[in-house]
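**Q** Pasting upload-v6.cif here (mmCIF, C-alpha atoms):
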data_query
#
loop_
_atom_site.group_PDB
_atom_site.id
_atom_site.type_symbol
_atom_site.label_atom_id
_atom_site.label_comp_id
_atom_site.auth_asym_id
_atom_site.auth_seq_id
_atom_site.Cartn_x
_atom_site.Cartn_y
_atom_site.Cartn_z
ATOM 1 C CA MET B 1 80.668 88.130 90.925
ATOM 2 C CA ASN B 2 82.132 89.542 94.079
ATOM 3 C CA GLY B 3 85.583 90.711 93.107
ATOM 4 C CA LEU B 4 88.062 91.917 90.553
ATOM 5 C CA ILE B 5 91.792 91.753 89.912
ATOM 6 C CA GLY B 6 93.651 95.039 89.842
ATOM 7 C CA LYS B 7 97.054 96.605 90.044
ATOM 8 C CA LYS B 8 98.252 98.830 92.854
ATOM 9 C CA ILE B 9 99.259 102.238 91.492
ATOM 10 C CA GLY B 10 100.119 104.199 94.633
ATOM 11 C CA MET B 11 98.597 106.269 97.363
ATOM 12 C CA THR B 12 97.066 109.709 97.689
ATOM 13 C CA SER B 13 94.500 111.424 99.880
ATOM 14 C CA ILE B 14 91.065 112.918 99.366
ATOM 15 C CA PHE B 15 88.751 115.170 101.370
ATOM 16 C CA ASN B 16 85.349 113.697 102.093
ATOM 17 C CA GLU B 17 82.080 115.582 102.641
ATOM 18 C CA ASP B 18 82.726 116.553 106.248
ATOM 19 C CA GLY B 19 86.178 117.862 105.411
ATOM 20 C CA THR B 20 88.318 115.073 106.823
ATOM 21 C CA ASN B 21 91.325 114.056 104.778
ATOM 22 C CA ILE B 22 91.411 110.309 104.180
ATOM 23 C CA ALA B 23 94.359 108.321 102.868
ATOM 24 C CA CYS B 24 93.515 106.254 99.795
ATOM 25 C CA THR B 25 95.140 103.663 97.583
ATOM 26 C CA VAL B 26 94.753 103.923 93.824
ATOM 27 C CA VAL B 27 94.034 100.617 92.094
ATOM 28 C CA GLU B 28 93.886 100.200 88.356
ATOM 29 C CA ALA B 29 91.313 97.575 87.425
ATOM 30 C CA LEU B 30 91.183 97.206 83.661
ATOM 31 C CA PRO B 31 88.329 94.993 82.440
ATOM 32 C CA ASN B 32 88.884 91.423 83.675
ATOM 33 C CA VAL B 33 88.380 88.749 81.015
ATOM 34 C CA VAL B 34 86.476 85.580 81.808
ATOM 35 C CA THR B 35 88.716 82.622 80.940
ATOM 36 C CA GLN B 36 86.661 79.769 82.354
ATOM 37 C CA VAL B 37 83.260 79.146 83.909
ATOM 38 C CA LYS B 38 83.122 76.162 86.261
ATOM 39 C CA ASP B 39 79.917 74.499 87.376
ATOM 40 C CA GLU B 40 78.698 71.565 89.447
ATOM 41 C CA ASP B 41 78.698 69.166 86.498
ATOM 42 C CA SER B 42 82.143 69.901 85.136
ATOM 43 C CA ASP B 43 84.157 70.633 88.272
ATOM 44 C CA GLY B 44 81.932 69.886 91.246
ATOM 45 C CA TYR B 45 81.624 73.533 92.262
ATOM 46 C CA ASN B 46 80.590 76.861 90.830
ATOM 47 C CA ALA B 47 83.239 79.425 90.043
ATOM 48 C CA ILE B 48 84.246 81.995 87.490
ATOM 49 C CA GLN B 49 87.893 82.343 86.444
ATOM 50 C CA VAL B 50 89.081 85.726 85.281
ATOM 51 C CA GLY B 51 92.377 86.902 83.837
ATOM 52 C CA TYR B 52 94.182 90.215 84.113
ATOM 53 C CA GLY B 53 97.191 91.775 82.459
ATOM 54 C CA GLU B 54 98.826 90.889 79.174
ATOM 55 C CA LYS B 55 101.621 88.370 78.860
ATOM 56 C CA LYS B 56 103.841 87.425 75.941
ATOM 57 C CA GLU B 57 103.009 84.189 74.190
ATOM 58 C CA LYS B 58 106.638 83.022 74.379
ATOM 59 C CA ASN B 59 106.592 83.406 78.165
ATOM 60 C CA THR B 60 103.456 81.292 78.562
ATOM 61 C CA THR B 61 103.676 77.576 79.207
ATOM 62 C CA LYS B 62 102.046 75.327 76.628
ATOM 63 C CA PRO B 63 99.286 73.988 78.906
ATOM 64 C CA LEU B 64 98.285 77.532 79.888
ATOM 65 C CA LEU B 65 98.524 78.710 76.293
ATOM 66 C CA LYS B 66 96.062 76.010 75.249
ATOM 67 C CA HIS B 67 93.816 77.056 78.141
ATOM 68 C CA PHE B 68 93.765 80.643 76.857
ATOM 69 C CA GLU B 69 93.275 79.448 73.280
ATOM 70 C CA LYS B 70 90.245 77.457 74.384
ATOM 71 C CA ALA B 71 88.776 80.571 75.930
ATOM 72 C CA GLY B 72 89.650 82.567 72.828
ATOM 73 C CA VAL B 73 91.618 85.228 74.704
ATOM 74 C CA SER B 74 95.201 86.462 74.622
ATOM 75 C CA PRO B 75 97.548 85.107 77.359
ATOM 76 C CA LYS B 76 96.938 86.749 80.744
ATOM 77 C CA SER B 77 99.541 87.187 83.464
ATOM 78 C CA LYS B 78 97.227 86.725 86.460
ATOM 79 C CA LEU B 79 94.374 84.270 86.843
ATOM 80 C CA VAL B 80 91.976 84.273 89.785
ATOM 81 C CA GLU B 81 88.864 82.286 90.558
ATOM 82 C CA PHE B 82 85.793 83.788 92.224
ATOM 83 C CA ARG B 83 83.171 81.501 93.724
ATOM 84 C CA ASP B 84 80.227 83.796 92.977
ATOM 85 C CA CYS B 85 78.903 83.340 89.420
ATOM 86 C CA SER B 86 75.838 85.532 89.740
ATOM 87 C CA ILE B 87 77.151 87.990 87.161
ATOM 88 C CA GLY B 88 76.280 85.547 84.354
ATOM 89 C CA LYS B 89 79.138 86.378 81.996
ATOM 90 C CA ASN B 90 80.387 83.878 79.448
ATOM 91 C CA VAL B 91 83.905 82.903 78.510
ATOM 92 C CA GLY B 92 85.715 85.672 76.654
ATOM 93 C CA GLU B 93 83.511 88.458 77.976
ATOM 94 C CA GLU B 94 84.855 91.376 79.971
ATOM 95 C CA ILE B 95 83.911 92.397 83.492
ATOM 96 C CA THR B 96 84.341 96.085 84.255
ATOM 97 C CA ILE B 97 84.427 97.978 87.533
ATOM 98 C CA GLU B 98 80.805 99.130 87.239
ATOM 99 C CA ASP B 99 79.625 95.521 86.966
ATOM 100 C CA VAL B 100 80.977 94.746 90.422
ATOM 101 C CA PHE B 101 81.543 97.853 92.538
ATOM 102 C CA ALA B 102 79.751 101.039 93.411
ATOM 103 C CA GLU B 103 81.019 104.026 95.368
ATOM 104 C CA GLY B 104 80.652 103.477 99.092
ATOM 105 C CA ASP B 105 80.956 99.669 98.955
ATOM 106 C CA SER B 106 82.757 97.913 101.773
ATOM 107 C CA VAL B 107 85.528 95.724 100.318
ATOM 108 C CA ASN B 108 88.467 93.533 101.269
ATOM 109 C CA ALA B 109 91.812 93.844 99.510
ATOM 110 C CA ILE B 110 94.177 90.907 99.104
ATOM 111 C CA GLY B 111 97.774 91.317 98.065
ATOM 112 C CA THR B 112 101.277 90.013 98.600
ATOM 113 C CA SER B 113 102.950 92.113 101.279
ATOM 114 C CA LYS B 114 106.326 93.739 100.706
ATOM 115 C CA GLY B 115 109.233 91.417 101.483
ATOM 116 C CA LYS B 116 111.118 92.450 104.600
ATOM 117 C CA GLY B 117 113.978 89.915 104.489
ATOM 118 C CA PHE B 118 115.303 88.234 107.627
ATOM 119 C CA GLN B 119 113.771 90.016 110.602
ATOM 120 C CA GLY B 120 114.016 89.600 114.348
ATOM 121 C CA VAL B 121 111.193 88.727 116.682
ATOM 122 C CA VAL B 122 110.327 92.325 117.564
ATOM 123 C CA LYS B 123 109.355 93.205 113.996
ATOM 124 C CA ARG B 124 108.238 89.732 112.933
ATOM 125 C CA HIS B 125 106.109 88.719 115.897
ATOM 126 C CA GLY B 126 105.626 91.905 117.874
ATOM 127 C CA PHE B 127 107.820 90.849 120.822
ATOM 128 C CA ARG B 128 108.779 93.691 123.097
ATOM 129 C CA GLY B 129 112.402 92.921 123.856
ATOM 130 C CA VAL B 130 113.828 94.181 127.121
ATOM 131 C CA ASN B 131 113.149 97.852 127.595
ATOM 132 C CA ASP B 132 115.300 98.345 130.671
ATOM 133 C CA ALA B 133 118.652 100.054 130.428
ATOM 134 C CA THR B 134 119.486 99.194 134.028
ATOM 135 C CA HIS B 135 118.940 96.116 136.261
ATOM 136 C CA GLY B 136 121.879 94.402 134.613
ATOM 137 C CA GLN B 137 120.507 94.676 131.066
ATOM 138 C CA HIS B 138 122.829 95.085 128.139
ATOM 139 C CA ASN B 139 122.344 94.339 124.418
ATOM 140 C CA ARG B 140 118.894 92.914 125.151
ATOM 141 C CA SER B 141 116.528 95.529 123.735
ATOM 142 C CA ARG B 142 115.410 93.373 120.797
ATOM 143 C CA ALA B 143 116.082 89.911 122.251
ATOM 144 C CA PRO B 144 113.436 87.155 122.269
ATOM 145 C CA GLY B 145 114.035 86.025 125.880
ATOM 146 C CA SER B 146 113.640 82.407 126.927
ATOM 147 C CA ILE B 147 112.686 79.899 124.234
ATOM 148 C CA GLY B 148 111.904 77.023 126.593
ATOM 149 C CA ALA B 149 112.723 75.046 129.734
ATOM 150 C CA ALA B 150 115.859 72.985 130.470
ATOM 151 C CA SER B 151 116.402 69.218 130.700
ATOM 152 C CA TYR B 152 112.706 68.627 130.399
ATOM 153 C CA PRO B 153 111.530 68.839 127.620
ATOM 154 C CA ALA B 154 115.163 69.214 126.481
ATOM 155 C CA LYS B 155 114.101 70.659 123.174
ATOM 156 C CA VAL B 156 112.543 73.763 121.706
ATOM 157 C CA VAL B 157 108.873 73.103 121.056
ATOM 158 C CA LYS B 158 107.695 73.182 117.466
ATOM 159 C CA GLY B 159 106.232 76.461 116.292
ATOM 160 C CA MET B 160 108.334 78.582 118.674
ATOM 161 C CA ARG B 161 108.257 82.089 117.264
ATOM 162 C CA MET B 162 111.738 83.177 116.235
ATOM 163 C CA GLY B 163 113.432 85.430 113.731
ATOM 164 C CA GLY B 164 113.267 84.625 110.042
ATOM 165 C CA ARG B 165 111.975 85.701 106.663
ATOM 166 C CA ASP B 166 109.234 88.271 107.032
ATOM 167 C CA GLY B 167 106.783 89.760 104.556
ATOM 168 C CA GLY B 168 106.121 88.572 101.013
ATOM 169 C CA ARG B 169 103.049 86.625 102.038
ATOM 170 C CA ARG B 170 99.376 86.885 101.209
ATOM 171 C CA VAL B 171 97.672 89.520 103.352
ATOM 172 C CA LYS B 172 94.030 90.490 103.405
ATOM 173 C CA MET B 173 92.933 93.937 104.529
ATOM 174 C CA LYS B 174 89.315 93.899 105.611
ATOM 175 C CA ASN B 175 86.585 96.529 105.664
ATOM 176 C CA LEU B 176 88.035 99.085 103.307
ATOM 177 C CA LYS B 177 85.760 101.444 101.416
ATOM 178 C CA VAL B 178 85.463 102.246 97.737
ATOM 179 C CA VAL B 179 85.775 106.017 97.983
ATOM 180 C CA LYS B 180 85.605 106.886 94.301
ATOM 181 C CA ILE B 181 85.499 105.234 90.900
ATOM 182 C CA PHE B 182 86.969 106.734 87.741
ATOM 183 C CA THR B 183 85.340 104.707 84.995
ATOM 184 C CA ASP B 184 87.068 106.351 82.050
ATOM 185 C CA LYS B 185 90.519 105.338 83.342
ATOM 186 C CA ASN B 186 89.382 102.150 85.136
ATOM 187 C CA LEU B 187 90.643 103.426 88.471
ATOM 188 C CA LEU B 188 89.403 102.625 91.965
ATOM 189 C CA LEU B 189 90.129 104.822 94.972
ATOM 190 C CA ILE B 190 90.064 102.670 98.105
ATOM 191 C CA SER B 191 90.368 103.988 101.631
ATOM 192 C CA GLY B 192 93.429 102.959 103.619
ATOM 193 C CA ALA B 193 96.535 101.039 102.663
ATOM 194 C CA ILE B 194 96.653 97.875 100.569
ATOM 195 C CA PRO B 195 99.418 95.265 100.962
ATOM 196 C CA GLY B 196 102.117 95.048 98.325
ATOM 197 C CA HIS B 197 104.421 97.262 96.331
ATOM 198 C CA LYS B 198 103.388 99.561 93.513
ATOM 199 C CA GLY B 199 102.526 97.597 90.398
ATOM 200 C CA SER B 200 101.678 94.422 92.306
ATOM 201 C CA TYR B 201 98.468 92.538 91.703
ATOM 202 C CA VAL B 202 95.687 92.976 94.220
ATOM 203 C CA ILE B 203 92.347 91.237 94.499
ATOM 204 C CA ILE B 204 89.495 93.488 95.545
ATOM 205 C CA GLU B 205 86.513 91.520 96.807
ATOM 206 C CA LYS B 206 83.185 92.498 98.262
ATOM 207 C CA MET M 207 102.503 108.282 88.469
ATOM 208 C CA ASP M 208 100.407 109.864 85.747
ATOM 209 C CA TYR M 209 97.360 108.072 87.134
ATOM 210 C CA ILE M 210 97.865 109.776 90.478
ATOM 211 C CA LYS M 211 98.243 113.096 88.687
ATOM 212 C CA TYR M 212 95.026 112.380 86.803
ATOM 213 C CA ILE M 213 93.212 111.705 90.081
ATOM 214 C CA HIS M 214 94.607 114.896 91.592
ATOM 215 C CA ASP M 215 93.295 116.833 88.617
ATOM 216 C CA GLN M 216 89.885 115.239 89.103
ATOM 217 C CA ILE M 217 89.487 115.625 92.860
ATOM 218 C CA THR M 218 91.103 118.947 93.642
ATOM 219 C CA GLU M 219 88.994 122.045 93.517
ATOM 220 C CA THR M 220 91.535 124.691 92.703
ATOM 221 C CA LYS M 221 91.173 127.554 95.123
ATOM 222 C CA ASP M 222 92.637 130.866 94.059
ATOM 223 C CA HIS M 223 94.758 131.506 97.096
ATOM 224 C CA PRO M 224 97.360 134.229 96.701
ATOM 225 C CA ASP M 225 100.728 132.993 95.543
ATOM 226 C CA PHE M 226 102.813 132.886 98.712
ATOM 227 C CA ARG M 227 106.307 131.558 99.304
ATOM 228 C CA PRO M 228 108.328 130.310 102.255
ATOM 229 C CA GLY M 229 109.305 133.318 104.337
ATOM 230 C CA ASP M 230 106.052 135.159 103.752
ATOM 231 C CA ASN M 231 103.980 136.227 106.720
ATOM 232 C CA ILE M 232 100.428 135.087 106.090
ATOM 233 C CA SER M 233 97.086 134.959 107.843
ATOM 234 C CA VAL M 234 95.048 131.801 107.298
ATOM 235 C CA ALA M 235 91.331 132.073 108.029
ATOM 236 C CA TYR M 236 89.877 128.657 108.697
ATOM 237 C CA THR M 237 86.591 127.370 110.075
ATOM 238 C CA ILE M 238 86.486 125.481 113.326
ATOM 239 C CA LYS M 239 83.532 123.477 114.547
ATOM 240 C CA GLU M 240 82.453 123.693 118.154
ATOM 241 C CA GLY M 241 79.623 121.237 118.460
ATOM 242 C CA ALA M 242 76.983 122.580 116.090
ATOM 243 C CA LYS M 243 78.488 126.042 115.869
ATOM 244 C CA GLU M 244 80.996 127.094 113.266
ATOM 245 C CA ARG M 245 83.292 130.042 113.469
ATOM 246 C CA ILE M 246 86.291 131.411 111.648
ATOM 247 C CA GLN M 247 89.664 131.675 113.316
ATOM 248 C CA LYS M 248 92.843 133.194 111.979
ATOM 249 C CA PHE M 249 96.304 131.696 112.225
ATOM 250 C CA LYS M 250 98.990 134.285 111.560
ATOM 251 C CA GLY M 251 102.607 133.366 111.082
ATOM 252 C CA ASP M 252 105.519 132.741 108.756
ATOM 253 C CA VAL M 253 105.387 130.095 106.063
ATOM 254 C CA ILE M 254 108.338 127.830 106.772
ATOM 255 C CA GLN M 255 107.637 125.071 104.301
ATOM 256 C CA ILE M 256 105.620 124.216 101.218
ATOM 257 C CA SER M 257 105.733 120.547 100.353
ATOM 258 C CA GLY M 258 104.004 117.962 98.247
ATOM 259 C CA THR M 259 102.281 118.181 94.885
ATOM 260 C CA GLY M 260 98.763 118.009 93.546
ATOM 261 C CA SER M 261 96.009 117.406 96.052
ATOM 262 C CA THR M 262 98.450 116.430 98.806
ATOM 263 C CA LYS M 263 100.303 119.766 98.748
ATOM 264 C CA THR M 264 100.672 121.281 102.211
ATOM 265 C CA PHE M 265 102.203 124.332 103.826
ATOM 266 C CA THR M 266 103.472 124.891 107.357
ATOM 267 C CA VAL M 267 102.885 128.120 109.254
ATOM 268 C CA ARG M 268 104.935 128.980 112.337
ATOM 269 C CA LYS M 269 104.177 131.623 114.903
ATOM 270 C CA ILE M 270 105.375 132.497 118.379
ATOM 271 C CA SER M 271 102.467 132.360 120.792
ATOM 272 C CA ASN M 272 103.187 133.545 124.342
ATOM 273 C CA GLY M 273 106.849 132.794 123.858
ATOM 274 C CA VAL M 274 106.185 129.275 122.601
ATOM 275 C CA GLY M 275 106.686 128.346 118.982
ATOM 276 C CA VAL M 276 103.520 126.921 117.392
ATOM 277 C CA GLU M 277 103.430 125.295 113.966
ATOM 278 C CA ARG M 278 100.435 124.231 111.997
ATOM 279 C CA ILE M 279 100.339 122.249 108.771
ATOM 280 C CA PHE M 280 97.511 123.043 106.360
ATOM 281 C CA PRO M 281 96.664 121.061 103.244
ATOM 282 C CA MET M 282 96.684 123.577 100.387
ATOM 283 C CA ASN M 283 93.264 122.487 99.132
ATOM 284 C CA SER M 284 91.704 121.928 102.533
ATOM 285 C CA PRO M 285 87.977 122.727 102.581
ATOM 286 C CA ILE M 286 88.316 124.289 106.026
ATOM 287 C CA ILE M 287 90.498 127.119 104.716
ATOM 288 C CA ASN M 288 88.327 130.169 103.999
ATOM 289 C CA SER M 289 90.949 132.574 102.804
ATOM 290 C CA ILE M 290 94.649 133.278 102.919
ATOM 291 C CA GLU M 291 96.027 136.804 103.167
ATOM 292 C CA ILE M 292 99.643 137.803 102.675
ATOM 293 C CA MET M 293 100.622 140.262 105.379
ATOM 294 C CA LYS M 294 104.276 140.668 104.468
ATOM 295 C CA ARG M 295 106.567 139.092 101.897
ATOM 296 C CA GLY M 296 109.882 137.878 103.212
ATOM 297 C CA ARG M 297 113.289 137.585 101.580
ATOM 298 C CA VAL M 298 114.803 134.217 102.421
ATOM 299 C CA ARG M 299 117.530 132.139 100.839
ATOM 300 C CA ARG M 300 116.148 128.641 101.266
ATOM 301 C CA ALA M 301 112.924 126.755 100.672
ATOM 302 C CA LYS M 302 112.591 125.157 104.122
ATOM 303 C CA LEU M 303 113.076 127.526 107.034
ATOM 304 C CA PHE M 304 113.548 124.973 109.807
ATOM 305 C CA TYR M 305 116.479 126.994 111.171
ATOM 306 C CA LEU M 306 113.879 129.377 112.615
ATOM 307 C CA ARG M 307 113.103 126.746 115.242
ATOM 308 C CA ASP M 308 116.557 127.059 116.742
ATOM 309 C CA VAL M 309 117.166 130.809 116.584
ATOM 310 C CA VAL M 310 116.032 133.319 119.153
ATOM 311 C CA GLY M 311 115.430 137.049 118.877
ATOM 312 C CA LYS M 312 116.727 139.111 116.010
ATOM 313 C CA LYS M 313 118.225 136.160 114.138
ATOM 314 C CA GLY M 314 114.746 134.714 113.756
ATOM 315 C CA LYS M 315 113.506 137.792 111.982
ATOM 316 C CA ILE M 316 112.844 137.541 108.256
ATOM 317 C CA LYS M 317 113.791 140.533 106.084
ATOM 318 C CA GLU M 318 110.978 142.006 104.090
ATOM 319 C CA ARG M 319 110.916 141.591 100.352
ATOM 320 C CA LYS M 320 109.762 144.938 99.055
ATOM 321 C CA PHE M 321 110.039 144.392 95.306
ATOM 322 C CA PHE M 322 108.028 141.596 93.792
ATOM 323 C CA LYS M 323 105.974 140.941 90.692
#
What would you get if you wrote out this structure as structure tokens?
**A**
Amino acid sequence: MNGLIGKKIGMTSIFNEDGTNIACTVVEALPNVVTQVKDEDSDGYNAIQVGYGEKKEKNTTKPLLKHFEKAGVSPKSKLVEFRDCSIGKNVGEEITIEDVFAEGDSVNAIGTSKGKGFQGVVKRHGFRGVNDATHGQHNRSRAPGSIGAASYPAKVVKGMRMGGRDGGRRVKMKNLKVVKIFTDKNLLLISGAIPGHKGSYVIIEK
Amino acid sequence: MDYIKYIHDQITETKDHPDFRPGDNISVAYTIKEGAKERIQKFKGDVIQISGTGSTKTFTVRKISNGVGVERIFPMNSPIINSIEIMKRGRVRRAKLFYLRDVVGKKGKIKERKFFK
């Protein structure tokens, strides 16, 4: 087992041994419940499916409800599959933080980034705009510039980076560190920022 | 938020610094590392701001050094702070004294608070 599902709580900072103040994200990772164990025979690959967070029965679709019933667990709001089954837990059993992580581990955090709405190319793609105030420039400081040639090819090539909806996509932050673990409250303190708003689901993987 | 408060309670070593307020003139003794050597330096000035809560609480000290205003922000629970000494208590009417940045001479002087608990 190389990961867990958690919930982003917020950020704070902590002093480490040499006195530097490091920014940390607090993640609540209550025990994840195993809902399904897949293997070569049944599904063609090995994986372990875990659930996190409670969900009302009336808000669960019938197929999913039957899936949870089969596993003998209450409906969960988030299901994630991990390809590493080395933990050897069976369906219905709980996986806690100590089973997976130790202080000092290097981890990746996956979350859905905050939605930014319709954004221009400077924010969305890191274009620089025109930074001149002179040389005939006016109203161009955040403009994309040329988007192609003229009568040949007579079109804008596919994939041209332009303005549009930004954020709200899956983002993985790599090489973060587990700074501290609070087992009694199921909290993880992870160095750096993690994508997503407070209360959003994050996947912490080794 | 209570989780963050819980973490603050767990990770902060409460130091018994004297109870100072914005407007007070304090002297902060802090360690600085020069290669392998460590020594203690003092930063004396007026507290112009106390902000934040829990383990992220900070205070800003402002002094005039050679005619140039210098400000330094210290985390309240920073391990580099050795001690804090209150030199003079000031009587001010606001919590953030940013107006001191713009005033020169006598207007930038803080009246002393002589009666306090």
**Q** Kindly assemble as CSV a list of the chain M residues that lie within 7 Å of chain B, each paired with its nearest atom pair and their distance in Å to one decimal, using all atoms listed in the file, sorted first by chain and then by ascending residue number.
**A**
residue,atom,partner,partner_atom,distance
M:Thr262,CA,B:Ser13,CA,6.5
M:Pro285,CA,B:Gly19,CA,5.9
M:Ile286,CA,B:Gly19,CA,6.8
**Q** May I have the residues from that selection written out with C-alpha atoms, as a PDB file, in the coordinates of the input?
**A**
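And here's part29.pdb as it stands now:
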ATOM      1  CA  THR M 262      98.450 116.430  98.806  1.00  0.00           C
ATOM      2  CA  PRO M 285      87.977 122.727 102.581  1.00  0.00           C
ATOM      3  CA  ILE M 286      88.316 124.289 106.026  1.00  0.00           C
TER       4      ILE M 286
END
**Q** One number please: CA of Lys155 in chain B to CA of Val121 in chain B, in Å, one decimal.
**A** 19.4 Å
**Q** Using only C-alpha atoms, which of the listed residues (B:Leu65, B:Cys24, B:Ala71, B:Asp43) sits closest to Val179 in chain B?
**A**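 Under the stated criterion, the closest residue is B:Cys24.
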**Q** To one decimal place in Å, what is the distance between CA of His214 in chain M and CA of Gly53 in chain B?
**A**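 Spanning CA of His214 in chain M to CA of Gly53 in chain B is a straight-line distance of 25.0 Å.
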**Q** Please tabulate, as CSV, the residues of range 226-292 of chain M that come within 12 Å of range 313-317 of chain M, each with its closest pair of atoms and the distance in Å to one decimal, counting only C-alpha atoms and ordering rows by chain, then residue number upward.
**A**
residue,atom,partner,partner_atom,distance
M:Pro228,CA,M:Ile316,CA,10.4
M:Gly229,CA,M:Ile316,CA,6.8
M:Asp230,CA,M:Ile316,CA,8.5
M:Asn231,CA,M:Ile316,CA,9.1
M:Gly251,CA,M:Ile316,CA,11.4
M:Asp252,CA,M:Ile316,CA,8.8
M:Val253,CA,M:Ile316,CA,10.8
M:Ile254,CA,M:Ile316,CA,10.8
M:Arg268,CA,M:Gly314,CA,11.5
M:Lys269,CA,M:Gly314,CA,11.1
M:Ile270,CA,M:Gly314,CA,10.7
M:Gly275,CA,M:Gly314,CA,11.5
**Q** Could you write out as a ChimeraX atom specification the residues that the PyMOL selection byres ((chain B and resi 118) around 8) matches in the shown file?
**A** /B:116-117,119-120,163-166
**Q** Got a sec: who's within 9 Å of Met293 in chain M, counting all atoms listed in the file, leaving out chain neighbours fewer than 2 positions off, as a list in words?
**A**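 Returned residues: Asp230, Asn231, Ile232, Ser233, Lys250, Glu291 and Arg295 of chain M.
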**Q** For the selection you just gave me, I'd like the residues written to a file as a PDB file, in the coordinates of the input, keeping C-alpha atoms.
**A**
ATOM      1  CA  ASP M 230     106.052 135.159 103.752  1.00  0.00           C
ATOM      2  CA  ASN M 231     103.980 136.227 106.720  1.00  0.00           C
ATOM      3  CA  ILE M 232     100.428 135.087 106.090  1.00  0.00           C
ATOM      4  CA  SER M 233      97.086 134.959 107.843  1.00  0.00           C
ATOM      5  CA  LYS M 250      98.990 134.285 111.560  1.00  0.00           C
ATOM      6  CA  GLU M 291      96.027 136.804 103.167  1.00  0.00           C
ATOM      7  CA  ARG M 295     106.567 139.092 101.897  1.00  0.00           C
TER       8      ARG M 295
END
**Q** Here is a test: counting only C-alpha atoms, which residue of B:Ile48, B:Ile147, B:Val122, B:Ala109 is nearest to Lys89 in chain B?
**A**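 Under the stated criterion, the closest residue is B:Ile48.
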**Q** Please write as a list of chain:residue names the list of polymer residues whose atoms come within 8 Å of (89.9, 129.1, 110.9), counting all atoms listed in the file and keeping to the coordinates of the file.
**A**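 Nearby residues: M:Val234, M:Ala235, M:Tyr236, M:Thr237, M:Ile238, M:Arg245, M:Ile246, M:Gln247, M:Lys248, M:Phe249, M:Ile286, M:Ile287, M:Asn288.
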**Q** Fewer than 4 positions away in the same chain doesn't count, so skip those; otherwise give me all residues within 6 Å of Asn175 in chain B, counting all atoms listed in the file, as a PyMOL selection string.
**A** chain B and resi 106-108
**Q** Would you compute the distance between CA of Ile194 in chain B and CA of Met173 in chain B? Give it in Å to one decimal.
**A**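 According to the coordinates, CA of Ile194 in chain B and CA of Met173 in chain B are separated by 6.7 Å.
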**Q** Residues proximal to (81.9, 95.5, 84.7) were defined as those with any atom within 12 Å of that point in the file's coordinates, counting only C-alpha atoms. Which are they, as a PyMOL selection string?
**A** chain B and resi 1-5+29-34+87-89+93-102+183+186
**Q** On this structure, the PyMOL selection byres ((chain M and resi 321) around 12) would catch which residues? List them as an MDAnalysis selection string, sorted by chain and number.
**A** chainID M and resid 294:297 318:320 322:323
**Q** How would the residues just picked look written out with C-alpha atoms as a tab-separated table (two decimals), keeping the file's coordinate frame?
**A**
chain	number	residue	atom	x	y	z
M	294	LYS	CA	104.28	140.67	104.47
M	295	ARG	CA	106.57	139.09	101.90
M	296	GLY	CA	109.88	137.88	103.21
M	297	ARG	CA	113.29	137.58	101.58
M	318	GLU	CA	110.98	142.01	104.09
M	319	ARG	CA	110.92	141.59	100.35
M	320	LYS	CA	109.76	144.94	99.06
M	322	PHE	CA	108.03	141.60	93.79
M	323	LYS	CA	105.97	140.94	90.69
**Q** Between B:Ile181, B:Gln36, B:Lys198, B:Phe82, which is the closest to Ile213 in chain M once you count all atoms listed in the file?
**A**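 Of B:Ile181, B:Gln36, B:Lys198, B:Phe82, the one nearest Ile213 in chain M is B:Ile181, counting all atoms listed in the file.
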**Q** So, with all atoms listed in the file as the atoms that count, which of M:Thr220, M:Thr266, M:Asn272, M:Gln255 lies closest to Val298 in chain M?
**A**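 Of all the options, M:Gln255 lies closest to Val298 in chain M.
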**Q** Written as a list in words, what is the full residue list that the PyMOL selection byres ((chain B and resi 197) around 8) yields on the file shown?
**A**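 What the PyMOL selection byres ((chain B and resi 197) around 8) grabs from the file is Lys8, Ser113, Lys114, Pro195, Gly196, Lys198, Gly199 and Ser200 of chain B.
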